[in-house]
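Undergrad: The file below is target35.json, JSON, C-alpha atoms:
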[["chain", "number", "residue", "atom", "x", "y", "z"],
["A", 1, "MET", "CA", -9.41, 7.45, -18.69],
["A", 2, "ALA", "CA", -11.66, 7.63, -15.63],
["A", 3, "ASP", "CA", -14.49, 8.97, -17.76],
["A", 4, "LYS", "CA", -14.20, 6.12, -20.27],
["A", 5, "GLN", "CA", -14.10, 3.33, -17.72],
["A", 6, "PHE", "CA", -16.16, 4.53, -14.77],
["A", 7, "GLY", "CA", -18.07, 7.62, -15.91],
["A", 8, "LYS", "CA", -17.54, 11.24, -14.94],
["A", 9, "ASN", "CA", -17.51, 10.55, -11.19],
["A", 10, "GLY", "CA", -14.83, 7.88, -11.55],
["A", 11, "TRP", "CA", -14.76, 4.69, -9.50],
["A", 12, "THR", "CA", -16.66, 4.74, -6.18],
["A", 13, "PRO", "CA", -17.41, 2.02, -3.60],
["A", 14, "ASP", "CA", -21.02, 1.93, -4.84],
["A", 15, "ARG", "CA", -19.64, -0.52, -7.42],
["A", 16, "ILE", "CA", -18.77, -3.06, -4.70],
["A", 17, "GLY", "CA", -21.44, -5.73, -4.19],
["A", 18, "SER", "CA", -21.64, -8.09, -1.22],
["A", 19, "LEU", "CA", -18.23, -9.33, -0.06],
["A", 20, "ARG", "CA", -19.62, -12.00, 2.24],
["A", 21, "GLY", "CA", -17.17, -14.93, 2.43],
["A", 22, "LYS", "CA", -14.20, -12.79, 1.32],
["A", 23, "THR", "CA", -11.21, -11.79, 3.46],
["A", 24, "PHE", "CA", -9.06, -8.66, 3.08],
["A", 25, "LEU", "CA", -5.81, -7.84, 4.88],
["A", 26, "ILE", "CA", -4.79, -4.19, 5.27],
["A", 27, "THR", "CA", -1.52, -2.85, 6.70],
["A", 28, "GLY", "CA", -1.58, 0.47, 8.54],
["A", 29, "ALA", "CA", -5.31, 0.52, 9.21],
["A", 30, "THR", "CA", -5.51, 2.49, 12.47],
["A", 31, "SER", "CA", -6.05, 5.82, 10.71],
["A", 32, "GLY", "CA", -6.37, 7.58, 7.36],
["A", 33, "THR", "CA", -6.98, 5.66, 4.15],
["A", 34, "GLY", "CA", -6.33, 2.26, 5.74],
["A", 35, "PHE", "CA", -9.00, 2.78, 8.40],
["A", 36, "GLU", "CA", -11.51, 4.09, 5.84],
["A", 37, "ALA", "CA", -10.82, 1.13, 3.53],
["A", 38, "ALA", "CA", -11.33, -1.31, 6.43],
["A", 39, "LYS", "CA", -14.64, 0.32, 7.34],
["A", 40, "ILE", "CA", -15.96, 0.28, 3.76],
["A", 41, "LEU", "CA", -15.00, -3.38, 3.24],
["A", 42, "ALA", "CA", -16.60, -4.36, 6.56],
["A", 43, "SER", "CA", -19.78, -2.49, 5.53],
["A", 44, "LYS", "CA", -19.95, -4.83, 2.50],
["A", 45, "ASP", "CA", -19.82, -7.89, 4.82],
["A", 46, "ALA", "CA", -16.17, -8.74, 4.19],
["A", 47, "LYS", "CA", -13.88, -10.11, 6.86],
["A", 48, "VAL", "CA", -11.12, -7.55, 7.45],
["A", 49, "VAL", "CA", -7.84, -8.32, 9.19],
["A", 50, "MET", "CA", -5.97, -5.15, 10.16],
["A", 51, "LEU", "CA", -2.19, -5.51, 10.30],
["A", 52, "ASN", "CA", -1.07, -2.70, 12.62],
["A", 53, "ARG", "CA", 1.78, -1.88, 14.95],
["A", 54, "ASN", "CA", -0.25, -0.44, 17.83],
["A", 55, "PRO", "CA", -2.61, -2.87, 19.66],
["A", 56, "GLU", "CA", -4.46, -0.19, 21.65],
["A", 57, "LYS", "CA", -5.23, 1.91, 18.58],
["A", 58, "SER", "CA", -6.29, -1.24, 16.75],
["A", 59, "GLU", "CA", -8.78, -2.17, 19.47],
["A", 60, "ASP", "CA", -10.15, 1.40, 19.37],
["A", 61, "CYS", "CA", -10.58, 1.18, 15.58],
["A", 62, "ILE", "CA", -12.34, -2.18, 15.79],
["A", 63, "ALA", "CA", -14.67, -0.78, 18.47],
["A", 64, "ALA", "CA", -15.40, 2.31, 16.33],
["A", 65, "ILE", "CA", -16.21, 0.20, 13.25],
["A", 66, "LYS", "CA", -18.45, -2.14, 15.27],
["A", 67, "GLU", "CA", -20.22, 0.82, 16.83],
["A", 68, "GLU", "CA", -20.93, 2.25, 13.37],
["A", 69, "LEU", "CA", -21.75, -0.98, 11.51],
["A", 70, "GLY", "CA", -23.02, -3.23, 14.29],
["A", 71, "GLY", "CA", -21.33, -5.72, 16.59],
["A", 72, "LYS", "CA", -21.17, -8.45, 13.96],
["A", 73, "ALA", "CA", -18.76, -6.52, 11.70],
["A", 74, "GLY", "CA", -15.96, -8.97, 10.88],
["A", 75, "VAL", "CA", -12.92, -6.91, 11.82],
["A", 76, "SER", "CA", -9.89, -8.30, 13.65],
["A", 77, "PHE", "CA", -6.25, -7.39, 14.23],
["A", 78, "ILE", "CA", -2.79, -8.96, 14.03],
["A", 79, "ARG", "CA", 0.25, -7.04, 15.25],
["A", 80, "ILE", "CA", 3.01, -6.22, 12.76],
["A", 81, "ASP", "CA", 5.94, -3.83, 12.75],
["A", 82, "LEU", "CA", 6.83, -3.37, 9.08],
["A", 83, "GLY", "CA", 10.20, -1.94, 10.11],
["A", 84, "ASP", "CA", 11.23, -5.20, 11.80],
["A", 85, "GLN", "CA", 11.66, -8.23, 9.53],
["A", 86, "SER", "CA", 11.26, -10.68, 12.42],
["A", 87, "SER", "CA", 7.92, -9.03, 13.32],
["A", 88, "VAL", "CA", 6.78, -9.27, 9.69],
["A", 89, "LYS", "CA", 7.66, -12.98, 9.64],
["A", 90, "SER", "CA", 5.79, -13.60, 12.92],
["A", 91, "ALA", "CA", 2.75, -11.71, 11.64],
["A", 92, "ALA", "CA", 2.76, -13.69, 8.38],
["A", 93, "ALA", "CA", 2.93, -16.95, 10.35],
["A", 94, "GLU", "CA", -0.01, -15.82, 12.51],
["A", 95, "VAL", "CA", -2.03, -14.88, 9.41],
["A", 96, "LEU", "CA", -1.39, -18.30, 7.87],
["A", 97, "GLU", "CA", -2.49, -19.95, 11.10],
["A", 98, "LYS", "CA", -5.68, -17.89, 11.61],
["A", 99, "VAL", "CA", -6.87, -16.92, 8.12],
["A", 100, "ASP", "CA", -8.11, -19.45, 5.58],
["A", 101, "ARG", "CA", -8.15, -17.20, 2.51],
["A", 102, "ILE", "CA", -6.80, -13.84, 1.29],
["A", 103, "ASP", "CA", -8.85, -12.17, -1.43],
["A", 104, "ALA", "CA", -6.58, -9.12, -1.31],
["A", 105, "LEU", "CA", -3.50, -8.10, 0.63],
["A", 106, "MET", "CA", -3.62, -4.29, 0.69],
["A", 107, "CYS", "CA", -0.17, -2.83, 1.40],
["A", 108, "ASN", "CA", -1.28, 0.52, 2.74],
["A", 109, "GLY", "CA", 0.95, 1.23, 5.77],
["A", 110, "ALA", "CA", 3.77, 3.77, 5.34],
["A", 111, "ILE", "CA", 6.00, 6.37, 6.94],
["A", 112, "ALA", "CA", 6.90, 9.53, 5.06],
["A", 113, "GLN", "CA", 9.36, 12.42, 4.97],
["A", 114, "VAL", "CA", 11.42, 11.28, 7.99],
["A", 115, "PRO", "CA", 13.52, 14.43, 8.60],
["A", 116, "LYS", "CA", 16.76, 12.78, 9.83],
["A", 117, "ARG", "CA", 18.13, 9.51, 8.54],
["A", 118, "GLN", "CA", 17.09, 6.62, 10.78],
["A", 119, "LEU", "CA", 17.73, 2.89, 10.50],
["A", 120, "THR", "CA", 15.37, 0.00, 11.22],
["A", 121, "VAL", "CA", 16.44, -2.77, 13.61],
["A", 122, "ASP", "CA", 17.64, -4.67, 10.53],
["A", 123, "GLY", "CA", 19.88, -1.77, 9.47],
["A", 124, "HIS", "CA", 17.78, -0.45, 6.57],
["A", 125, "GLU", "CA", 17.02, 3.24, 6.00],
["A", 126, "SER", "CA", 13.67, 3.59, 7.77],
["A", 127, "GLN", "CA", 11.42, 4.59, 4.86],
["A", 128, "LEU", "CA", 12.85, 1.89, 2.58],
["A", 129, "GLY", "CA", 12.70, -0.62, 5.44],
["A", 130, "VAL", "CA", 9.08, 0.06, 6.42],
["A", 131, "ASN", "CA", 7.44, 0.97, 3.11],
["A", 132, "TYR", "CA", 9.30, -1.43, 0.85],
["A", 133, "TYR", "CA", 11.21, -4.25, 2.55],
["A", 134, "GLY", "CA", 8.48, -4.83, 5.16],
["A", 135, "HIS", "CA", 5.80, -5.18, 2.51],
["A", 136, "TRP", "CA", 8.07, -7.27, 0.26],
["A", 137, "THR", "CA", 8.52, -9.90, 2.97],
["A", 138, "LEU", "CA", 4.84, -9.88, 3.89],
["A", 139, "GLN", "CA", 3.76, -10.31, 0.26],
["A", 140, "ALA", "CA", 6.23, -13.13, -0.40],
["A", 141, "LEU", "CA", 5.37, -15.10, 2.74],
["A", 142, "LEU", "CA", 1.61, -14.77, 2.22],
["A", 143, "PHE", "CA", 1.81, -15.46, -1.51],
["A", 144, "PRO", "CA", 0.99, -19.21, -1.28],
["A", 145, "LEU", "CA", -2.34, -18.45, 0.45],
["A", 146, "ILE", "CA", -3.06, -15.53, -1.92],
["A", 147, "GLU", "CA", -2.44, -17.88, -4.85],
["A", 148, "LYS", "CA", -4.65, -20.60, -3.33],
["A", 149, "SER", "CA", -7.40, -17.98, -2.90],
["A", 150, "ASN", "CA", -7.07, -16.57, -6.47],
["A", 151, "GLY", "CA", -6.36, -13.33, -4.64],
["A", 152, "ARG", "CA", -4.75, -9.98, -5.28],
["A", 153, "ILE", "CA", -1.80, -7.96, -4.06],
["A", 154, "VAL", "CA", -2.44, -4.22, -3.93],
["A", 155, "THR", "CA", 0.41, -1.79, -3.34],
["A", 156, "VAL", "CA", -0.49, 1.72, -2.25],
["A", 157, "GLY", "CA", 2.26, 3.81, -3.82],
["A", 158, "SER", "CA", 2.44, 7.59, -3.95],
["A", 159, "MET", "CA", 2.93, 10.33, -6.49],
["A", 160, "GLY", "CA", 6.12, 10.79, -4.48],
["A", 161, "TYR", "CA", 7.61, 8.18, -6.84],
["A", 162, "ASP", "CA", 7.91, 11.04, -9.34],
["A", 163, "MET", "CA", 9.07, 13.76, -6.94],
["A", 164, "GLY", "CA", 12.57, 12.69, -6.01],
["A", 165, "LEU", "CA", 15.52, 10.83, -7.44],
["A", 166, "LYS", "CA", 13.44, 8.94, -10.05],
["A", 167, "THR", "CA", 15.59, 5.81, -9.85],
["A", 168, "ILE", "CA", 16.94, 3.34, -7.30],
["A", 169, "LYS", "CA", 20.22, 4.44, -5.76],
["A", 170, "PHE", "CA", 21.83, 1.01, -5.93],
["A", 171, "ASP", "CA", 25.26, 2.28, -4.85],
["A", 172, "ASP", "CA", 23.79, 3.74, -1.62],
["A", 173, "MET", "CA", 20.23, 2.52, -1.02],
["A", 174, "ASN", "CA", 20.67, 3.23, 2.69],
["A", 175, "TRP", "CA", 21.54, 6.91, 2.14],
["A", 176, "GLU", "CA", 24.82, 6.89, 4.04],
["A", 177, "LYS", "CA", 25.70, 9.92, 1.90],
["A", 178, "ASP", "CA", 23.52, 13.01, 1.14],
["A", 179, "TYR", "CA", 20.29, 11.82, 2.81],
["A", 180, "THR", "CA", 17.21, 13.91, 2.18],
["A", 181, "ALA", "CA", 13.80, 13.00, 3.54],
["A", 182, "ASN", "CA", 12.09, 13.49, 0.19],
["A", 183, "ASP", "CA", 14.56, 11.50, -1.94],
["A", 184, "ALA", "CA", 14.54, 8.59, 0.50],
["A", 185, "TYR", "CA", 10.73, 8.58, 0.63],
["A", 186, "SER", "CA", 10.54, 8.83, -3.16],
["A", 187, "GLN", "CA", 12.92, 5.86, -3.57],
["A", 188, "SER", "CA", 10.85, 3.72, -1.17],
["A", 189, "LYS", "CA", 7.63, 4.45, -3.08],
["A", 190, "LEU", "CA", 9.24, 3.97, -6.49],
["A", 191, "ALA", "CA", 10.61, 0.61, -5.30],
["A", 192, "GLN", "CA", 7.14, -0.48, -4.16],
["A", 193, "ILE", "CA", 5.56, 0.46, -7.49],
["A", 194, "MET", "CA", 8.31, -0.99, -9.70],
["A", 195, "THR", "CA", 8.16, -4.30, -7.88],
["A", 196, "ILE", "CA", 4.44, -4.70, -8.63],
["A", 197, "TYR", "CA", 5.07, -4.56, -12.38],
["A", 198, "GLU", "CA", 8.09, -6.85, -12.07],
["A", 199, "LEU", "CA", 5.88, -9.24, -10.07],
["A", 200, "GLN", "CA", 3.27, -9.17, -12.85],
["A", 201, "ASP", "CA", 5.95, -10.21, -15.38],
["A", 202, "ARG", "CA", 7.21, -13.00, -13.13],
["A", 203, "LEU", "CA", 3.71, -14.31, -12.39],
["A", 204, "LYS", "CA", 3.02, -14.44, -16.11],
["A", 205, "ALA", "CA", 6.32, -16.22, -16.83],
["A", 206, "ALA", "CA", 5.57, -18.76, -14.07],
["A", 207, "GLY", "CA", 2.03, -19.36, -15.38],
["A", 208, "LYS", "CA", 0.49, -18.05, -12.15],
["A", 209, "THR", "CA", -2.10, -15.89, -13.85],
["A", 210, "ASN", "CA", -4.77, -16.45, -11.19],
["A", 211, "VAL", "CA", -3.05, -13.90, -8.91],
["A", 212, "LYS", "CA", -3.46, -10.23, -9.81],
["A", 213, "ALA", "CA", -1.08, -7.46, -8.67],
["A", 214, "TYR", "CA", -1.98, -3.77, -8.78],
["A", 215, "ALA", "CA", -0.34, -0.43, -7.99],
["A", 216, "CYS", "CA", -2.30, 2.66, -6.97],
["A", 217, "HIS", "CA", -1.87, 5.94, -5.09],
["A", 218, "PRO", "CA", -4.22, 7.86, -2.77],
["A", 219, "GLY", "CA", -3.66, 11.33, -4.22],
["A", 220, "SER", "CA", -3.32, 14.15, -1.72],
["A", 221, "SER", "CA", -5.46, 12.95, 1.17],
["A", 222, "ARG", "CA", -6.02, 14.45, 4.60],
["A", 223, "THR", "CA", -4.38, 11.75, 6.72],
["A", 224, "SER", "CA", -1.95, 11.73, 9.65],
["A", 225, "LEU", "CA", 0.96, 10.41, 7.55],
["A", 226, "ILE", "CA", 3.03, 13.60, 7.41],
["A", 227, "LYS", "CA", 2.01, 14.56, 10.96],
["A", 228, "THR", "CA", 3.31, 11.21, 12.23],
["A", 229, "SER", "CA", 6.79, 11.20, 10.70],
["A", 230, "GLY", "CA", 7.46, 14.46, 8.82],
["A", 231, "SER", "CA", 9.58, 17.45, 9.86],
["A", 232, "PHE", "CA", 8.05, 20.60, 11.40],
["A", 233, "LEU", "CA", 8.24, 22.40, 8.04],
["A", 234, "MET", "CA", 6.57, 19.50, 6.19],
["A", 235, "ARG", "CA", 3.84, 19.33, 8.84],
["A", 236, "LEU", "CA", 3.26, 23.08, 8.56],
["A", 237, "THR", "CA", 3.18, 23.00, 4.74],
["A", 238, "PHE", "CA", 0.78, 20.06, 4.59],
["A", 239, "GLY", "CA", -1.32, 21.57, 7.40],
["A", 240, "LEU", "CA", -1.87, 24.64, 5.20],
["A", 241, "MET", "CA", -2.53, 22.48, 2.13],
["A", 242, "LYS", "CA", -5.26, 20.64, 4.03],
["A", 243, "LEU", "CA", -7.25, 23.88, 4.08],
["A", 244, "SER", "CA", -7.13, 24.14, 0.28],
["A", 245, "PRO", "CA", -9.00, 22.31, -2.50],
["A", 246, "LEU", "CA", -5.71, 20.54, -3.33],
["A", 247, "THR", "CA", -6.50, 17.83, -0.77],
["A", 248, "GLN", "CA", -9.37, 15.39, -0.28],
["A", 249, "PRO", "CA", -10.84, 13.46, 2.67],
["A", 250, "ALA", "CA", -9.09, 10.23, 3.72],
["A", 251, "GLU", "CA", -12.18, 8.27, 2.68],
["A", 252, "LYS", "CA", -11.68, 9.34, -0.95],
["A", 253, "GLY", "CA", -7.99, 8.49, -0.64],
["A", 254, "ALA", "CA", -9.08, 4.92, 0.14],
["A", 255, "TYR", "CA", -11.01, 4.53, -3.14],
["A", 256, "PRO", "CA", -8.03, 3.55, -5.36],
["A", 257, "GLU", "CA", -6.92, 0.68, -3.12],
["A", 258, "LEU", "CA", -10.52, -0.48, -2.71],
["A", 259, "MET", "CA", -10.94, -0.46, -6.48],
["A", 260, "CYS", "CA", -7.75, -2.48, -6.96],
["A", 261, "ALA", "CA", -8.86, -4.96, -4.30],
["A", 262, "THR", "CA", -12.39, -5.54, -5.60],
["A", 263, "GLU", "CA", -13.09, -4.31, -9.15],
["A", 264, "PRO", "CA", -13.44, -7.22, -11.61],
["A", 265, "ASP", "CA", -11.56, -7.14, -14.92],
["A", 266, "LEU", "CA", -9.29, -4.28, -13.92],
["A", 267, "LYS", "CA", -6.27, -4.14, -16.18],
["A", 268, "GLU", "CA", -3.08, -4.86, -14.26],
["A", 269, "ARG", "CA", -0.69, -2.61, -16.16],
["A", 270, "GLY", "CA", -2.61, 0.49, -15.06],
["A", 271, "PHE", "CA", -1.64, 2.83, -12.22],
["A", 272, "TYR", "CA", -4.75, 3.93, -10.37],
["A", 273, "GLY", "CA", -5.70, 6.98, -8.33],
["A", 274, "PRO", "CA", -7.38, 10.40, -8.50],
["A", 275, "THR", "CA", -7.25, 11.68, -12.08],
["A", 276, "GLY", "CA", -7.68, 15.42, -11.47],
["A", 277, "ARG", "CA", -5.04, 18.17, -11.37],
["A", 278, "SER", "CA", -1.54, 16.73, -10.70],
["A", 279, "TYR", "CA", -3.35, 13.49, -9.75],
["A", 280, "TRP", "CA", -3.88, 14.96, -6.26],
["A", 281, "VAL", "CA", -7.69, 14.93, -6.23],
["A", 282, "GLY", "CA", -10.56, 14.13, -8.61],
["A", 283, "PRO", "CA", -12.44, 11.10, -9.94],
["A", 284, "VAL", "CA", -10.62, 7.79, -9.45],
["A", 285, "GLY", "CA", -9.41, 5.98, -12.53],
["A", 286, "GLU", "CA", -6.22, 5.23, -14.44],
["A", 287, "CYS", "CA", -3.29, 7.66, -14.21],
["A", 288, "GLU", "CA", -0.22, 7.97, -16.38],
["A", 289, "LEU", "CA", 2.81, 6.18, -14.94],
["A", 290, "LYS", "CA", 6.10, 7.84, -15.87],
["A", 291, "SER", "CA", 8.65, 5.79, -17.83],
["A", 292, "HIS", "CA", 11.26, 5.68, -15.04],
["A", 293, "ALA", "CA", 8.84, 3.54, -12.99],
["A", 294, "LYS", "CA", 8.69, 1.00, -15.83],
["A", 295, "ASP", "CA", 12.45, 0.59, -16.36],
["A", 296, "LYS", "CA", 12.79, -3.18, -16.74],
["A", 297, "ALA", "CA", 16.54, -3.34, -16.12],
["A", 298, "VAL", "CA", 16.17, -1.40, -12.86],
["A", 299, "SER", "CA", 13.15, -3.38, -11.65],
["A", 300, "LYS", "CA", 14.87, -6.71, -12.37],
["A", 301, "ARG", "CA", 17.98, -5.64, -10.50],
["A", 302, "LEU", "CA", 15.86, -4.28, -7.64],
["A", 303, "TRP", "CA", 14.11, -7.65, -7.30],
["A", 304, "GLU", "CA", 17.45, -9.46, -7.03],
["A", 305, "VAL", "CA", 18.91, -6.91, -4.58],
["A", 306, "THR", "CA", 15.78, -7.16, -2.42],
["A", 307, "GLU", "CA", 15.92, -10.96, -2.23],
["A", 308, "LYS", "CA", 19.49, -10.62, -0.96],
["A", 309, "ALA", "CA", 18.72, -7.77, 1.47],
["A", 310, "THR", "CA", 15.75, -9.55, 3.09],
["A", 311, "GLY", "CA", 16.77, -13.18, 2.59],
["A", 312, "VAL", "CA", 13.19, -13.75, 1.40],
["A", 313, "GLY", "CA", 12.33, -15.06, -2.07],
["A", 314, "TRP", "CA", 9.09, -15.86, -3.85],
["A", 315, "GLY", "CA", 10.00, -19.32, -5.14],
["A", 316, "PHE", "CA", 9.57, -18.37, -8.80]]
With the file now loaded, output its structure as structure tokens.

TA:
Amino acid sequence: MADKQFGKNGWTPDRIGSLRGKTFLITGATSGTGFEAAKILASKDAKVVMLNRNPEKSEDCIAAIKEELGGKAGVSFIRIDLGDQSSVKSAAAEVLEKVDRIDALMCNGAIAQVPKRQLTVDGHESQLGVNYYGHWTLQALLFPLIEKSNGRIVTVGSMGYDMGLKTIKFDDMNWEKDYTANDAYSQSKLAQIMTIYELQDRLKAAGKTNVKAYACHPGSSRTSLIKTSGSFLMRLTFGLMKLSPLTQPAEKGAYPELMCATEPDLKERGFYGPTGRSYWVGPVGECELKSHAKDKAVSKRLWEVTEKATGVGWGF
């Protein structure tokens, strides 16, 4: 598919023209793909608002981008802890106060492969709480401004959606029984991806076709994600993988979310990322999405369960 749509090299940021006057929000932008995406957008004259947990790291990242691109680079920061619903609500309120448009909300932040079951302050299993519920609430609260801006919602999923349970464990979403780091991570990523396609259906039904929603994945990128939250064994395994051709630089891992945030006329039902072996590396384009991620009955139920769990709805 990449060859047909974007040529043999797939999609690259060379396709992005001037983004002057446009504003992009990115969660988890202090390192890895989020940082690279922020830098590339800023280099195209966009305003970039980083939504990060760590203020010191954020200031360092802003300084690094300004040093590389010049002091006028339009990069700023708002604090958010995706694992704390009250923090997400405060951050959303601050965004609505300070930002006058959102051309794309890029849901990039994540934790992965947490070795022992942990709960967020709201009582959710940590990977589901951060990766899924945190982004759900942020998307819903910012939706009115995204709609007003004819903007986009971009969810950065993971091929992990296909490497675990392959459904939502409705009877025990919090993993009180038989927790494994991989299955819990897989569920959180599957939930993120499923909800994008459910959102597309609901937007269409509500006649809100000026908002686009996309799902993508970064492939196997050399970022600090596993190092930050994974077990010793996972860190060791991925550390060895980083030395092989089965991984790619973080900058390339940022291409799919950049494409989904900026490429005109991109079809929404696609799932975008590297198209090479196992979808880990290679030219960026459309990837096959397995049928369990498109299960309408599950995605509809997930939407309803999530509204109850967070107390946050979309109003349509």

Undergrad: Looking at A:Ala309, A:Val156, A:Met106, A:Leu141, which one is nearest to Gly253 (chain A), with distances taken over only C-alpha atoms?

TA: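 Closest to Gly253 (chain A) of all the choices is A:Val156.
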
Undergrad: Can you list, as a PyMOL selection string, every protein, DNA or RNA residue that comes within 10 Å of Lys296 (chain A) when you count all atoms listed in the file, leaving out same-chain residues fewer than 6 positions away?

TA: chain A and resi 194+197-198+201+302

Undergrad: Write out the residues from the selection above, keeping C-alpha atoms, as a PDB file, in the frame of the given file.

TA:
ATOM      1  CA  MET A 194       8.310  -0.990  -9.700  1.00  0.00           C
ATOM      2  CA  TYR A 197       5.070  -4.560 -12.380  1.00  0.00           C
ATOM      3  CA  GLU A 198       8.090  -6.850 -12.070  1.00  0.00           C
ATOM      4  CA  ASP A 201       5.950 -10.210 -15.380  1.00  0.00           C
ATOM      5  CA  LEU A 302      15.860  -4.280  -7.640  1.00  0.00           C
TER       6      LEU A 302
END

Undergrad: Taking only C-alpha atoms into account, name the residue in A:Gly151, A:Gly70, A:Pro256, A:Pro115 that is nearest to Leu25 (chain A).

TA: A:Gly151

Undergrad: Just checking: using all atoms listed in the file, which residue out of A:Gly164, A:Gly157, A:Pro218, A:Pro264 ends up closest to Thr195 (chain A)?

TA: A:Gly157

Undergrad: Could you please determine the separation between CA of Asp122 (chain A) and CA of Phe143 (chain A) in Å, to one decimal place?

TA: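 Spanning CA of Asp122 (chain A) to CA of Phe143 (chain A) is a straight-line distance of 22.6 Å.
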
Undergrad: Between CA of Ala293 (chain A) and CA of Ala184 (chain A), what is the distance in Å, rounded to a tenth?

TA: 15.5 Å

Undergrad: Between CA of Thr27 (chain A) and CA of Asp81 (chain A), what is the spacing in Å?

TA: 9.7 Å

Undergrad: Env of Val121 (chain A): 9 Å cut, atoms = all atoms listed in the file, seq-sep filter 6 positions within chain, self excluded. Answer as a CSV table (one decimal) with C-alpha atoms, in the coordinates of the input.

TA:
chain,number,residue,atom,x,y,z
A,83,GLY,CA,10.2,-1.9,10.1
A,84,ASP,CA,11.2,-5.2,11.8
A,85,GLN,CA,11.7,-8.2,9.5

Undergrad: Would you kindly return, as a PyMOL selection string, each protein, DNA or RNA residue with an atom no farther than 12 Å from any atom of Gly74 (chain A), considering all atoms listed in the file and excluding same-chain residues fewer than 6 positions away?

TA: chain A and resi 19-25+38-50+62-63+65-66

Undergrad: Counting only C-alpha atoms, figure out which residue out of A:Gly17, A:Gly134, A:Gly10, A:Gly219 gets nearest to Val312 (chain A).

TA: A:Gly134

Undergrad: Please determine, counting all atoms listed in the file, which residue among A:Arg269, A:Lys177, A:Lys212, A:Lys189 has the shortest atom-to-atom distance to Ile146 (chain A).

TA: A:Lys212

Undergrad: Of the candidates A:Gly32, A:Gly123, A:Pro144, A:Gly315, which shows the shortest atom-to-atom distance to Ser220 (chain A), using all atoms listed in the file?

TA: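 Ranking A:Gly32, A:Gly123, A:Pro144, A:Gly315 by distance to Ser220 (chain A), first place goes to A:Gly32.
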
Undergrad: Can you find the residues with an atom no farther than 12 Å from (5.2, -13.9, 9.4), counting all atoms listed in the file, and report them as a ChimeraX atom specification?

TA: /A:51,78-82,84-98,134-143,312

Undergrad: Please, which residues are within 12 Å of (2.6, -5.1, -13.0) by the file's coordinates, counting only C-alpha atoms, and could they come as a ChimeraX atom specification?

TA: /A:152-155,192-204,209,211-216,266-272,289,293-296,299
